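Q: Got a structure for you, questions after.
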Amino acid sequence: MDLTGVRTFVAVVDAGQFQDAAAALSITQQAVSKRIAALEKELEVRLFARTARGAQLTIDGQAFLPHARELLRVAERADASVRPGRRALRVDVHSRRTAPAVLLQDFHRTHPRIELDVVTLEADVHAAIAAVEAGTVDVTFHAVPVPARQLPDAIRTARVIDEHHEVLVGPRHALANARAVTPAQLAEHRIWMPGMAAGTEWASYYDELAAAFGLTIDRVGPVFGNEALLAEIADSAELATLAGERTRYLWPDSYDLRRIPVRDPAPVYPMSLIWRDDNPHPALRKLRDHLSSSRRDTADEEVWMPKWGQRSAPGS
């Protein structure tokens with residue numbers, strides 16, 4: 001059905017006169033008459049009867065009116081669902097526990113009127129970039145271990161998160177009472193990170209971290225979820241795991257788990273915001289500005305990051 005004709009029909013009803021409807025639509029009265037005639041021909045009914053008091057709805061016109069209004073409401077919602085600035089900015093955070101989700105929530109508090117559609121693709125950087133390129137999501141957060149020249153032409157990145165690490169241990173672990181630990185101290189302990197998929201950017205990061213400091217990172221074991229992992233660590237005098245400092249975990253008080261900063265040097269996991277350079281959504285620029293202004297400055301710290309992280313300068 002021609003929505004232009006439907007919109008003209010509703011305008012005539014609201015105005016009461018073909019002439020007034022023409023003025024409201026900024027078209028001629030003749031154009032209004034043609035549109036109504038075409039709609040009546042399509043529906044095979046008369047919608048209006050012309051009287052001295054103006055255009056009066058026929059019985060068929062009265063029956064059609066509520067459906068015509070609903071058609072226009074549906075069309076408006078459909079238009080808003082895909083129009084940049086009127087639809088929500090769709091953001092992939094990979095996990096709702098980690099730093100990107102925390103920072104995105106902070107952005108929402110700062111800009112509560114900006115609608116966000118937060119999704120978790122649970123994909124590595126290559127699959128996430130493909131989703132951005134295809135328009136499945138507007139932006140994603142990932143470490144980018146490849147040079148910019150190897151990315152698709154339309155893709156842009158900016159390093160916005162330098163996530164520091166904490167070691168997570170139970171109350172009987174040898175490090176439980178430490179205020180901070182060094183990577184060299186961690187070399188003496190088993191770090192358990194089950195289920196880390198080979199070939200992902202995070203596996204690449206931890207492989208390089210382990211090689212740099214002689215760490216033992218154990219990936220063996222089935223994955224029963226974060227809650228099961230925390231229970232195992234709480235009950236063990238030997239197991240430890242690594243987590244980002246802004247990663248959100250909840251556990252019972254009885255676990256008495258300890259989160260201990262890793263320093264001297266502090267391992268940093270560099271994450272970038274990834275988007276298409278032709279994405280016109282107005283909220284994208286605000287999100288980029290917010291993340292840039294809230295990024296932690298590590299200039300005065302002794303930090304370690306992988307070689308591929310060192311070449312992804314902030315804002316590149």
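Residues in the structure tokens are numbered from 1 in each chain, the chains being A, B, ... in the order shown, and ligands are numbered from 1 in the order shown.
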Each residue of region 24-98 of chain A with at least one atom at most 6 Å from region 136-149 of chain A should appear once, together with its nearest atom pair and the corresponding distance in Å (one decimal); atoms considered: only C-alpha atoms; ordering: chain, then increasing residue number; output as a Markdown table.
A:
```
| residue | atom | partner | partner_atom | distance |
| --- | --- | --- | --- | --- |
| A:Arg90 | CA | A:Asp138 | CA | 5.2 |
| A:Val91 | CA | A:Val139 | CA | 5.1 |
| A:Asp92 | CA | A:Thr140 | CA | 4.6 |
| A:Val93 | CA | A:Phe141 | CA | 5.9 |
```
Q: Enumerate as a PyMOL selection string all residues of region 49-262 of chain A assigned to strand (DSSP E) by DSSP on the backbone, naming them with the chain letters and numbers the document uses.
A: chain A and resi 49-51+54-57+89-92+116-119+139-142+155-169+190-192+216-218+239-244+258-261
Q: Kindly provide the residues of region 28-113 of chain A that approach region 118-134 of chain A to within 12 Å, each paired with its closest atom pair and their distance in Å to one decimal, based on only C-alpha atoms, listed by chain and increasing number, as JSON lines.
A:
```
{"residue": "A:Ala88", "atom": "CA", "partner": "A:Val118", "partner_atom": "CA", "distance": 9.2}
{"residue": "A:Leu89", "atom": "CA", "partner": "A:Val118", "partner_atom": "CA", "distance": 8.2}
{"residue": "A:Arg90", "atom": "CA", "partner": "A:Val118", "partner_atom": "CA", "distance": 5.9}
{"residue": "A:Val91", "atom": "CA", "partner": "A:Val118", "partner_atom": "CA", "distance": 5.0}
{"residue": "A:Asp92", "atom": "CA", "partner": "A:Val119", "partner_atom": "CA", "distance": 4.9}
{"residue": "A:Val93", "atom": "CA", "partner": "A:Thr120", "partner_atom": "CA", "distance": 5.5}
{"residue": "A:His94", "atom": "CA", "partner": "A:Thr120", "partner_atom": "CA", "distance": 4.5}
{"residue": "A:Ser95", "atom": "CA", "partner": "A:Thr120", "partner_atom": "CA", "distance": 5.9}
{"residue": "A:Arg96", "atom": "CA", "partner": "A:Thr120", "partner_atom": "CA", "distance": 7.4}
{"residue": "A:Arg97", "atom": "CA", "partner": "A:Thr120", "partner_atom": "CA", "distance": 10.7}
{"residue": "A:Thr98", "atom": "CA", "partner": "A:Thr120", "partner_atom": "CA", "distance": 11.3}
{"residue": "A:Pro100", "atom": "CA", "partner": "A:Val118", "partner_atom": "CA", "distance": 10.7}
{"residue": "A:Ala101", "atom": "CA", "partner": "A:Val118", "partner_atom": "CA", "distance": 8.5}
{"residue": "A:Val102", "atom": "CA", "partner": "A:Val118", "partner_atom": "CA", "distance": 11.7}
{"residue": "A:Leu104", "atom": "CA", "partner": "A:Val118", "partner_atom": "CA", "distance": 8.8}
{"residue": "A:Gln105", "atom": "CA", "partner": "A:Val118", "partner_atom": "CA", "distance": 9.8}
{"residue": "A:His108", "atom": "CA", "partner": "A:Val118", "partner_atom": "CA", "distance": 11.0}
```
Q: Might you pull out every residue within 8 Å of region 221-238 of chain A, with only C-alpha atoms counted and same-chain residues fewer than 4 positions away left off, and present them as a short mmCIF file (atom, residue, chain, number, x, y, z; two decimals) with C-alpha atoms, in the first residue's frame?
A:
```
data_model
loop_
_atom_site.label_atom_id
_atom_site.label_comp_id
_atom_site.auth_asym_id
_atom_site.auth_seq_id
_atom_site.Cartn_x
_atom_site.Cartn_y
_atom_site.Cartn_z
CA LEU A 168 42.98 -13.69 42.29
CA VAL A 169 43.74 -16.21 45.06
CA GLY A 170 42.03 -17.95 47.97
CA PRO A 171 42.78 -17.32 51.67
CA ARG A 172 45.17 -20.30 51.97
CA HIS A 173 47.33 -19.32 49.00
CA ALA A 174 50.93 -18.25 49.66
CA HIS A 189 52.84 -20.22 41.13
CA ARG A 190 50.35 -22.02 38.90
CA PRO A 194 40.84 -22.95 31.71
CA GLY A 195 39.13 -22.79 28.34
CA TRP A 251 31.29 -14.44 45.38
CA TYR A 255 35.19 -17.61 49.92
CA ASP A 256 37.41 -14.79 51.28
CA LEU A 257 39.05 -14.34 47.88
#
```
Q: Using only C-alpha atoms, pick whichever of A:His111, A:His164, A:Arg263, A:Arg219 has the shortest atom-to-atom distance to Ala180 (chain A).
A: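 Smallest distance to Ala180 (chain A) is found for A:Arg263.
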Q: Which is closer to Tyr206 (chain A) than all the others in A:Leu239, A:Ala37, A:Met305, A:Ala184, using only C-alpha atoms?
A: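 Looking at the shortest contact to Tyr206 (chain A), the residue is A:Met305.
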Q: Running DSSP on the backbone, which parts of region 162-201 of chain A land in alpha helix (DSSP H), as a PyMOL selection string?
A: chain A and resi 183-186+201
Q: Under the rule that only C-alpha atoms are counted, which of A:Ser292, A:Gln62, A:Thr182, A:Gln56 is the nearest residue to His165 (chain A)?
A: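 Looking only at the distances to His165 (chain A), the closest residue turns out to be A:Thr182.
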Q: CA of Ala24 (chain A) and CA of Lys41 (chain A) are how many Å apart?
A: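 Result for CA of Ala24 (chain A) versus CA of Lys41 (chain A): 23.6 Å, one decimal.
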Q: Compile the contact shell of Leu209 (chain A) as a ChimeraX atom specification: residues with an atom at most 12 Å away, counting only C-alpha atoms, same-chain residues fewer than 5 positions apart removed.
A: /A:165,183-184,186-187,191,202-204,214-217,242,265-269,303-307,309
Q: Could you turn the residues from that selection into a file that holds N, CA, C and O atoms, as a tab-separated table (two decimals), in the first residue's frame?
A:
```tsv
chain	number	residue	atom	x	y	z
A	165	HIS	N	46.29	-5.73	35.51
A	165	HIS	CA	45.94	-7.06	35.99
A	165	HIS	C	45.96	-7.15	37.51
A	165	HIS	O	46.71	-6.45	38.19
A	183	PRO	N	55.39	-9.78	38.42
A	183	PRO	CA	55.34	-10.93	37.51
A	183	PRO	C	56.38	-11.99	37.87
A	183	PRO	O	56.12	-13.19	37.72
A	184	ALA	N	57.55	-11.57	38.37
A	184	ALA	CA	58.58	-12.54	38.76
A	184	ALA	C	58.09	-13.43	39.90
A	184	ALA	O	58.36	-14.64	39.92
A	186	LEU	N	55.00	-14.25	40.42
A	186	LEU	CA	53.97	-15.13	39.88
A	186	LEU	C	54.57	-16.34	39.18
A	186	LEU	O	53.91	-17.37	39.03
A	187	ALA	N	55.83	-16.24	38.77
A	187	ALA	CA	56.48	-17.36	38.08
A	187	ALA	C	56.57	-18.60	38.96
A	187	ALA	O	56.72	-19.72	38.47
A	191	ILE	N	49.08	-20.54	37.47
A	191	ILE	CA	47.98	-19.64	37.11
A	191	ILE	C	47.00	-20.43	36.24
A	191	ILE	O	47.36	-20.90	35.16
A	202	TRP	N	43.41	-12.88	22.95
A	202	TRP	CA	43.74	-12.97	24.37
A	202	TRP	C	44.69	-14.14	24.65
A	202	TRP	O	45.56	-14.03	25.50
A	203	ALA	N	44.57	-15.24	23.87
A	203	ALA	CA	45.54	-16.33	24.01
A	203	ALA	C	46.93	-15.86	23.57
A	203	ALA	O	47.94	-16.20	24.20
A	204	SER	N	46.98	-15.07	22.50
A	204	SER	CA	48.25	-14.51	22.04
A	204	SER	C	48.88	-13.64	23.11
A	204	SER	O	50.10	-13.69	23.35
A	214	GLY	N	58.33	-16.11	32.36
A	214	GLY	CA	58.45	-17.50	32.79
A	214	GLY	C	57.25	-17.99	33.58
A	214	GLY	O	57.39	-18.81	34.50
A	215	LEU	N	56.06	-17.50	33.25
A	215	LEU	CA	54.85	-17.90	33.97
A	215	LEU	C	54.34	-19.25	33.50
A	215	LEU	O	54.54	-19.65	32.35
A	216	THR	N	53.67	-19.96	34.40
A	216	THR	CA	52.99	-21.20	34.05
A	216	THR	C	51.50	-20.92	34.00
A	216	THR	O	50.85	-20.78	35.05
A	217	ILE	N	50.96	-20.81	32.80
A	217	ILE	CA	49.53	-20.56	32.63
A	217	ILE	C	48.89	-21.85	32.16
A	217	ILE	O	49.15	-22.33	31.05
A	242	LEU	N	44.33	-14.84	36.76
A	242	LEU	CA	44.51	-13.42	36.47
A	242	LEU	C	43.19	-12.82	36.01
A	242	LEU	O	42.42	-13.46	35.29
A	265	PRO	N	57.00	-4.87	36.54
A	265	PRO	CA	56.08	-4.00	35.82
A	265	PRO	C	54.63	-4.50	35.92
A	265	PRO	O	54.39	-5.66	36.24
A	266	ALA	N	53.71	-3.61	35.61
A	266	ALA	CA	52.29	-3.95	35.60
A	266	ALA	C	51.91	-4.44	34.21
A	266	ALA	O	51.98	-3.68	33.24
A	267	PRO	N	51.52	-5.72	34.06
A	267	PRO	CA	51.05	-6.18	32.75
A	267	PRO	C	49.77	-5.43	32.35
A	267	PRO	O	48.85	-5.28	33.16
A	268	VAL	N	49.75	-4.95	31.14
A	268	VAL	CA	48.62	-4.16	30.65
A	268	VAL	C	48.06	-4.82	29.40
A	268	VAL	O	48.80	-5.14	28.47
A	269	TYR	N	46.76	-5.01	29.40
A	269	TYR	CA	46.07	-5.58	28.23
A	269	TYR	C	45.45	-4.44	27.44
A	269	TYR	O	44.52	-3.78	27.91
A	303	VAL	N	55.19	-0.41	33.04
A	303	VAL	CA	54.20	-1.35	32.53
A	303	VAL	C	54.84	-2.29	31.52
A	303	VAL	O	55.91	-2.02	30.96
A	304	TRP	N	54.15	-3.39	31.30
A	304	TRP	CA	54.53	-4.34	30.26
A	304	TRP	C	53.31	-4.59	29.39
A	304	TRP	O	52.19	-4.73	29.90
A	305	MET	N	53.53	-4.60	28.09
A	305	MET	CA	52.48	-5.01	27.17
A	305	MET	C	53.13	-5.72	26.00
A	305	MET	O	54.34	-5.58	25.75
A	306	PRO	N	52.38	-6.53	25.27
A	306	PRO	CA	52.96	-7.29	24.15
A	306	PRO	C	53.47	-6.36	23.06
A	306	PRO	O	53.08	-5.19	22.98
A	307	LYS	N	54.31	-6.88	22.22
A	307	LYS	CA	54.90	-6.06	21.16
A	307	LYS	C	53.83	-5.48	20.25
A	307	LYS	O	53.92	-4.32	19.83
A	309	GLY	N	50.90	-4.66	21.11
A	309	GLY	CA	50.22	-3.59	21.82
A	309	GLY	C	50.99	-2.29	21.80
A	309	GLY	O	50.41	-1.21	21.78
```
Q: For Arg87 (chain A), work out the shell of residues within 12 Å, counting only C-alpha atoms and skipping chain neighbours fewer than 4 positions away, then give it as a PDB file with C-alpha atoms, in the first residue's frame.
A:
```pdb
ATOM      1  CA  GLU A  76       7.654   5.640  11.738  1.00  0.00           C
ATOM      2  CA  ARG A  77       8.941   2.939  14.108  1.00  0.00           C
ATOM      3  CA  ALA A  78      10.491   1.036  11.204  1.00  0.00           C
ATOM      4  CA  ASP A  79      12.227   4.189   9.996  1.00  0.00           C
ATOM      5  CA  ALA A  80      13.518   4.988  13.493  1.00  0.00           C
ATOM      6  CA  SER A  81      14.881   1.455  13.945  1.00  0.00           C
ATOM      7  CA  VAL A  82      17.485   1.939  11.205  1.00  0.00           C
ATOM      8  CA  ARG A  83      18.048   5.691  11.021  1.00  0.00           C
ATOM      9  CA  ARG A 113      19.559  10.071  26.864  1.00  0.00           C
ATOM     10  CA  ILE A 114      21.716   8.150  24.396  1.00  0.00           C
ATOM     11  CA  GLU A 115      20.102   4.786  23.733  1.00  0.00           C
ATOM     12  CA  LEU A 116      22.447   1.795  23.770  1.00  0.00           C
ATOM     13  CA  ASP A 117      21.893  -1.748  22.561  1.00  0.00           C
ATOM     14  CA  ASP A 138      28.222  -0.312  15.306  1.00  0.00           C
ATOM     15  CA  PRO A 280      27.154   8.268  10.685  1.00  0.00           C
ATOM     16  CA  HIS A 281      25.610   7.504  14.095  1.00  0.00           C
ATOM     17  CA  PRO A 282      26.015  10.727  16.153  1.00  0.00           C
ATOM     18  CA  ALA A 283      26.469   8.780  19.423  1.00  0.00           C
TER      19      ALA A 283
END
```
Q: To one decimal place in Å, what is the distance between CA of Val10 (chain A) and CA of Gly61 (chain A)?
A: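 Taking CA of Val10 (chain A) as the start and CA of Gly61 (chain A) as the end point, the length is 10.1 Å.
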Q: Quote the spacing between CA of Asp297 (chain A) and CA of Pro112 (chain A) in Å to one decimal place.
A: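 Between CA of Asp297 (chain A) and CA of Pro112 (chain A) the gap is 26.0 Å.
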Q: Set the distance at 9 Å and use only C-alpha atoms: which residues neighbour region 34-36 of chain A once local chain neighbours fewer than 6 positions away are removed? I'd like the list as number ranges by chain.
A: A: 4-6, 8-9, 47-48
Q: Taking into account only C-alpha atoms, which residue in the set A:Leu3, A:Ala52, A:Val13, A:Ile155 is nearest to Arg73 (chain A)?
A: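 Selected residue with least distance to Arg73 (chain A): A:Leu3.
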